[in-house]
Amino acid sequence: MADRIIDLLRHGEVQGGGRFRGSHDDPLTTAGWEQMRVAVAADAAAGRATWDCILHSPAVRCAGFARELAARRNLPSAVLPDLRERGFGVWEGLRADQIPLEDLSRFWADPTGYDPPAAEPFASFRERVRQGWHALLAGDAAHPLILTHGGVVRVVIGEVLGLAADRLLLLEVPPACRTRLRVPLGGGRPSLISHGAC
């Protein structure tokens, strides 16, 4: 029996442009939908799209495409609430240039130690995603596709590679970015096969 494969796909471009959005639930742009379709078509063309289920964040920017793809491929789908994006509190929906420079500078200098006002603390976000990841590993899906967010992808890769929390923002996760992980059957640690295919 082959090892399990887990594919992560970040949502595509979102209406409203670059903003802090966790629970601020903007839909995909037309270009974002196309980015997602191209991303899954590339896997299908390469013979890698043998998914047995589609799992997704509850955010509309992930769920809408996940439901469409599941219906098109006749696959089961389910929401994974633990793999939703981090909530950014009073920064929700704001562009970087709308945030006081002093606060934004503190965030970029110490993204794991400085939480925006009323935001989900980074430590809580990371622990939630880690719990969701370990619940997924305990499940029986042989090859799920997970539609999620950049912050979630960073935490999962960090968990697999043992990265320090303060290094996670160094991982680039552009819109419609694909990540593939291998989970050995019968024990052993997951490994990163590829990241950054867009």
# chains A, B, ... in the order shown; residues from 1 in each chain; ligands from 1
>>> residues_around(residues="stretch 66-77 of chain A", least_positions_apart="5", cutoff="10 Å", atoms="only C-alpha atoms", output="ChimeraX atom specification")
/A:11,36-37,40,51-57,60-61,144-148
>>> closest_atom_pairs(of="stretch 83-141 of chain A", to="stretch 167-177 of chain A", cutoff="12 Å", atoms="only C-alpha atoms", output="tab-separated table")
residue	atom	partner	partner_atom	distance
A:Phe107	CA	A:Leu169	CA	11.0
A:Trp108	CA	A:Leu169	CA	8.9
A:Ala109	CA	A:Leu169	CA	10.6
A:Asp110	CA	A:Leu169	CA	10.1
A:Pro111	CA	A:Leu169	CA	7.8
A:Thr112	CA	A:Leu168	CA	9.1
A:Phe122	CA	A:Leu168	CA	11.3
A:Arg126	CA	A:Leu168	CA	10.5
>>> select_by_dssp(residues="stretch 28-197 of chain A", states="helix (DSSP H, G or I)", output="PDB file with C-alpha atoms, in the first residue's frame")
ATOM      1  CA  THR A  30     -12.902  36.124 -11.239  1.00  0.00           C
ATOM      2  CA  ALA A  31      -9.112  35.858 -11.558  1.00  0.00           C
ATOM      3  CA  GLY A  32      -9.003  33.997  -8.216  1.00  0.00           C
ATOM      4  CA  TRP A  33     -11.468  31.390  -9.479  1.00  0.00           C
ATOM      5  CA  GLU A  34      -9.342  30.975 -12.598  1.00  0.00           C
ATOM      6  CA  GLN A  35      -6.156  30.603 -10.519  1.00  0.00           C
ATOM      7  CA  MET A  36      -7.802  27.770  -8.584  1.00  0.00           C
ATOM      8  CA  ARG A  37      -9.048  26.034 -11.732  1.00  0.00           C
ATOM      9  CA  VAL A  38      -5.592  26.265 -13.296  1.00  0.00           C
ATOM     10  CA  ALA A  39      -3.964  24.897 -10.123  1.00  0.00           C
ATOM     11  CA  VAL A  40      -6.156  21.776  -9.985  1.00  0.00           C
ATOM     12  CA  ALA A  41      -5.985  21.297 -13.778  1.00  0.00           C
ATOM     13  CA  ALA A  42      -2.184  21.260 -13.570  1.00  0.00           C
ATOM     14  CA  ASP A  43      -2.313  18.405 -11.047  1.00  0.00           C
ATOM     15  CA  ALA A  44      -4.834  16.530 -13.185  1.00  0.00           C
ATOM     16  CA  ALA A  45      -2.681  16.966 -16.315  1.00  0.00           C
ATOM     17  CA  VAL A  60     -16.239  31.450   1.386  1.00  0.00           C
ATOM     18  CA  ARG A  61     -12.934  32.109  -0.406  1.00  0.00           C
ATOM     19  CA  CYS A  62     -12.120  28.414   0.137  1.00  0.00           C
ATOM     20  CA  ALA A  63     -15.540  26.768   0.467  1.00  0.00           C
ATOM     21  CA  GLY A  64     -17.049  28.032  -2.778  1.00  0.00           C
ATOM     22  CA  PHE A  65     -14.366  26.514  -4.987  1.00  0.00           C
ATOM     23  CA  ALA A  66     -14.150  23.377  -2.816  1.00  0.00           C
ATOM     24  CA  ARG A  67     -17.857  22.665  -3.281  1.00  0.00           C
ATOM     25  CA  GLU A  68     -17.655  23.279  -7.018  1.00  0.00           C
ATOM     26  CA  LEU A  69     -14.640  20.984  -7.406  1.00  0.00           C
ATOM     27  CA  ALA A  70     -16.180  18.243  -5.236  1.00  0.00           C
ATOM     28  CA  ALA A  71     -19.370  18.316  -7.303  1.00  0.00           C
ATOM     29  CA  ARG A  72     -17.438  18.281 -10.588  1.00  0.00           C
ATOM     30  CA  ARG A  73     -15.247  15.340  -9.479  1.00  0.00           C
ATOM     31  CA  PRO A  81     -13.011  24.541  11.114  1.00  0.00           C
ATOM     32  CA  ASP A  82      -9.583  24.202  12.746  1.00  0.00           C
ATOM     33  CA  LEU A  83      -7.910  25.019   9.418  1.00  0.00           C
ATOM     34  CA  GLY A  89      -9.062  41.549  15.424  1.00  0.00           C
ATOM     35  CA  VAL A  90      -9.310  45.283  14.717  1.00  0.00           C
ATOM     36  CA  TRP A  91      -7.019  44.843  11.694  1.00  0.00           C
ATOM     37  CA  ALA A  96      -1.169  47.570   5.629  1.00  0.00           C
ATOM     38  CA  ASP A  97      -1.196  51.310   4.856  1.00  0.00           C
ATOM     39  CA  GLN A  98      -4.324  51.725   7.014  1.00  0.00           C
ATOM     40  CA  LEU A 101       3.154  52.291  11.181  1.00  0.00           C
ATOM     41  CA  GLU A 102       4.427  51.723  14.723  1.00  0.00           C
ATOM     42  CA  ASP A 103       1.976  48.839  15.266  1.00  0.00           C
ATOM     43  CA  LEU A 104       2.626  47.308  11.859  1.00  0.00           C
ATOM     44  CA  SER A 105       6.390  47.527  12.410  1.00  0.00           C
ATOM     45  CA  ARG A 106       6.046  45.736  15.763  1.00  0.00           C
ATOM     46  CA  PHE A 107       4.022  42.984  14.054  1.00  0.00           C
ATOM     47  CA  TRP A 108       6.550  42.401  11.254  1.00  0.00           C
ATOM     48  CA  ALA A 109       9.456  42.526  13.714  1.00  0.00           C
ATOM     49  CA  PHE A 122      -0.651  33.661  17.450  1.00  0.00           C
ATOM     50  CA  ALA A 123       0.022  30.872  19.956  1.00  0.00           C
ATOM     51  CA  SER A 124      -3.693  29.967  20.005  1.00  0.00           C
ATOM     52  CA  PHE A 125      -3.888  30.057  16.205  1.00  0.00           C
ATOM     53  CA  ARG A 126      -0.836  27.828  15.846  1.00  0.00           C
ATOM     54  CA  GLU A 127      -2.145  25.338  18.408  1.00  0.00           C
ATOM     55  CA  ARG A 128      -5.578  25.223  16.734  1.00  0.00           C
ATOM     56  CA  VAL A 129      -4.039  24.506  13.332  1.00  0.00           C
ATOM     57  CA  ARG A 130      -1.700  21.889  14.819  1.00  0.00           C
ATOM     58  CA  GLN A 131      -4.687  20.127  16.415  1.00  0.00           C
ATOM     59  CA  GLY A 132      -6.527  20.208  13.076  1.00  0.00           C
ATOM     60  CA  TRP A 133      -3.455  18.819  11.309  1.00  0.00           C
ATOM     61  CA  HIS A 134      -3.079  15.962  13.808  1.00  0.00           C
ATOM     62  CA  ALA A 135      -6.810  15.171  13.556  1.00  0.00           C
ATOM     63  CA  LEU A 136      -6.365  14.968   9.789  1.00  0.00           C
ATOM     64  CA  LEU A 137      -3.412  12.619  10.228  1.00  0.00           C
ATOM     65  CA  ALA A 138      -5.543  10.427  12.497  1.00  0.00           C
ATOM     66  CA  GLY A 150      -1.573  31.103   3.752  1.00  0.00           C
ATOM     67  CA  GLY A 151      -1.229  31.231   7.537  1.00  0.00           C
ATOM     68  CA  VAL A 152      -2.511  27.671   7.878  1.00  0.00           C
ATOM     69  CA  VAL A 153      -0.135  26.383   5.194  1.00  0.00           C
ATOM     70  CA  ARG A 154       2.784  28.037   6.998  1.00  0.00           C
ATOM     71  CA  VAL A 155       1.867  26.429  10.327  1.00  0.00           C
ATOM     72  CA  VAL A 156       1.441  22.961   8.769  1.00  0.00           C
ATOM     73  CA  ILE A 157       4.770  23.173   6.928  1.00  0.00           C
ATOM     74  CA  GLY A 158       6.370  24.445  10.135  1.00  0.00           C
ATOM     75  CA  GLU A 159       4.974  21.466  12.007  1.00  0.00           C
ATOM     76  CA  VAL A 160       6.275  18.998   9.398  1.00  0.00           C
ATOM     77  CA  LEU A 161       9.737  20.579   9.165  1.00  0.00           C
ATOM     78  CA  ALA A 165       7.384  29.855  15.042  1.00  0.00           C
ATOM     79  CA  ASP A 166       9.291  33.067  14.282  1.00  0.00           C
ATOM     80  CA  ARG A 167      10.455  31.584  10.952  1.00  0.00           C
ATOM     81  CA  LEU A 168       6.990  30.825   9.552  1.00  0.00           C
ATOM     82  CA  LEU A 169       6.491  34.218   7.884  1.00  0.00           C
ATOM     83  CA  LEU A 170       9.610  33.489   5.831  1.00  0.00           C
TER      84      LEU A 170
END
>>> closest_residue(among="A:Arg189, A:Arg86, A:His149, A:Arg182", to="A:Leu9", atoms="only C-alpha atoms")
A:His149
>>> residues_around(residues="A:Asp25", least_positions_apart="3", cutoff="10 Å", atoms="only C-alpha atoms", output="mmCIF file with all heavy atoms, in the first residue's frame")
data_model
loop_
_atom_site.group_PDB
_atom_site.id
_atom_site.type_symbol
_atom_site.label_atom_id
_atom_site.label_comp_id
_atom_site.auth_asym_id
_atom_site.auth_seq_id
_atom_site.Cartn_x
_atom_site.Cartn_y
_atom_site.Cartn_z
ATOM 1 N N VAL A 14 -8.420 37.380 -3.872
ATOM 2 C CA VAL A 14 -9.674 37.700 -3.182
ATOM 3 C C VAL A 14 -10.094 39.133 -3.486
ATOM 4 O O VAL A 14 -9.250 40.023 -3.648
ATOM 5 C CB VAL A 14 -9.497 37.488 -1.650
ATOM 6 C CG1 VAL A 14 -10.736 37.875 -0.883
ATOM 7 C CG2 VAL A 14 -9.130 36.036 -1.367
ATOM 8 N N GLN A 15 -11.402 39.364 -3.565
ATOM 9 C CA GLN A 15 -11.922 40.710 -3.793
ATOM 10 C C GLN A 15 -11.469 41.643 -2.669
ATOM 11 O O GLN A 15 -11.459 41.270 -1.503
ATOM 12 C CB GLN A 15 -13.448 40.683 -3.867
ATOM 13 C CG GLN A 15 -13.980 39.987 -5.107
ATOM 14 C CD GLN A 15 -15.487 39.972 -5.171
ATOM 15 O OE1 GLN A 15 -16.170 40.733 -4.509
ATOM 16 N NE2 GLN A 15 -16.025 39.076 -6.004
ATOM 17 N N ARG A 21 -7.095 39.610 6.486
ATOM 18 C CA ARG A 21 -8.433 39.020 6.541
ATOM 19 C C ARG A 21 -8.310 37.598 7.085
ATOM 20 O O ARG A 21 -7.581 36.778 6.573
ATOM 21 C CB ARG A 21 -9.129 39.045 5.190
ATOM 22 C CG ARG A 21 -8.387 38.422 4.051
ATOM 23 C CD ARG A 21 -9.225 38.286 2.791
ATOM 24 N NE ARG A 21 -9.690 39.492 2.170
ATOM 25 C CZ ARG A 21 -8.994 40.243 1.318
ATOM 26 N NH1 ARG A 21 -7.769 39.895 1.018
ATOM 27 N NH2 ARG A 21 -9.509 41.306 0.787
ATOM 28 N N GLY A 22 -8.991 37.380 8.152
ATOM 29 C CA GLY A 22 -9.109 36.044 8.719
ATOM 30 C C GLY A 22 -10.572 35.694 8.672
ATOM 31 O O GLY A 22 -11.044 34.966 7.811
ATOM 32 N N LEU A 28 -13.688 35.160 -3.720
ATOM 33 C CA LEU A 28 -12.661 35.186 -4.753
ATOM 34 C C LEU A 28 -13.049 36.148 -5.873
ATOM 35 O O LEU A 28 -14.234 36.327 -6.175
ATOM 36 C CB LEU A 28 -12.479 33.789 -5.362
ATOM 37 C CG LEU A 28 -11.956 32.678 -4.465
ATOM 38 C CD1 LEU A 28 -11.986 31.346 -5.208
ATOM 39 C CD2 LEU A 28 -10.553 32.986 -3.972
ATOM 40 N N PRO A 58 -13.952 26.955 6.442
ATOM 41 C CA PRO A 58 -15.323 27.442 6.284
ATOM 42 C C PRO A 58 -15.423 28.758 5.519
ATOM 43 O O PRO A 58 -16.515 29.130 5.086
ATOM 44 C CB PRO A 58 -15.806 27.618 7.729
ATOM 45 C CG PRO A 58 -14.585 27.694 8.566
ATOM 46 C CD PRO A 58 -13.522 26.924 7.850
ATOM 47 N N ALA A 59 -14.321 29.478 5.311
ATOM 48 C CA ALA A 59 -14.360 30.771 4.625
ATOM 49 C C ALA A 59 -14.844 30.606 3.190
ATOM 50 O O ALA A 59 -14.441 29.665 2.495
ATOM 51 C CB ALA A 59 -12.978 31.415 4.639
ATOM 52 N N VAL A 60 -15.666 31.533 2.733
ATOM 53 C CA VAL A 60 -16.239 31.450 1.386
ATOM 54 C C VAL A 60 -15.148 31.446 0.319
ATOM 55 O O VAL A 60 -15.314 30.831 -0.734
ATOM 56 C CB VAL A 60 -17.269 32.587 1.155
ATOM 57 C CG1 VAL A 60 -16.589 33.942 1.060
ATOM 58 C CG2 VAL A 60 -18.105 32.325 -0.080
ATOM 59 N N ARG A 61 -14.011 32.075 0.578
ATOM 60 C CA ARG A 61 -12.934 32.109 -0.406
ATOM 61 C C ARG A 61 -12.297 30.733 -0.620
ATOM 62 O O ARG A 61 -11.577 30.531 -1.602
ATOM 63 C CB ARG A 61 -11.891 33.158 -0.039
ATOM 64 C CG ARG A 61 -11.242 33.012 1.321
ATOM 65 C CD ARG A 61 -10.473 34.285 1.670
ATOM 66 N NE ARG A 61 -9.757 34.237 2.923
ATOM 67 C CZ ARG A 61 -10.258 34.598 4.098
ATOM 68 N NH1 ARG A 61 -11.521 34.994 4.177
ATOM 69 N NH2 ARG A 61 -9.518 34.556 5.188
ATOM 70 N N CYS A 62 -12.553 29.812 0.292
ATOM 71 C CA CYS A 62 -12.120 28.414 0.137
ATOM 72 C C CYS A 62 -13.305 27.501 -0.184
ATOM 73 O O CYS A 62 -13.230 26.632 -1.049
ATOM 74 C CB CYS A 62 -11.447 27.914 1.412
ATOM 75 S SG CYS A 62 -9.961 28.804 1.871
ATOM 76 N N GLU A 92 -8.850 43.418 10.921
ATOM 77 C CA GLU A 92 -9.626 42.688 9.910
ATOM 78 C C GLU A 92 -10.090 43.635 8.798
ATOM 79 O O GLU A 92 -10.696 44.672 9.058
ATOM 80 C CB GLU A 92 -10.862 42.038 10.542
ATOM 81 C CG GLU A 92 -10.572 40.790 11.332
ATOM 82 C CD GLU A 92 -10.312 39.571 10.464
ATOM 83 O OE1 GLU A 92 -10.777 39.507 9.317
ATOM 84 O OE2 GLU A 92 -9.626 38.661 10.955
ATOM 85 N N GLY A 93 -9.796 43.259 7.570
ATOM 86 C CA GLY A 93 -10.239 44.016 6.409
ATOM 87 C C GLY A 93 -9.386 45.227 6.077
ATOM 88 O O GLY A 93 -9.675 45.928 5.098
#
>>> select_by_dssp(residues="chain A", states="strand (DSSP E or B)", output="PyMOL selection string")
chain A and resi 4-10+14+28+53-56+77-79+144-148+178-183+191-197
>>> atom_distance(atom1="atom CA of A:Ser23", atom2="atom CA of A:Pro100")
20.9 Å
>>> residues_around(residues="A:Gly17", least_positions_apart="4", cutoff="10 Å", atoms="only C-alpha atoms", output="PyMOL selection string")
chain A and resi 13+26+29+93-95
>>> write_last_selection(atoms="C-alpha atoms", output="compact mmCIF listing (two decimals), in the first residue's frame")
# COMPACT_ATOMS: atom_id res chain seq x y z
CA GLU A 13 -6.98 36.13 -5.36
CA ASP A 26 -14.39 38.30 1.02
CA THR A 29 -12.28 37.47 -7.74
CA GLY A 93 -10.24 44.02 6.41
CA LEU A 94 -7.51 46.67 6.62
CA ARG A 95 -4.66 47.21 4.16
>>> closest_residue(among="A:Arg10, A:Arg84, A:His24, A:His143", to="A:Thr50", atoms="only C-alpha atoms")
A:His143
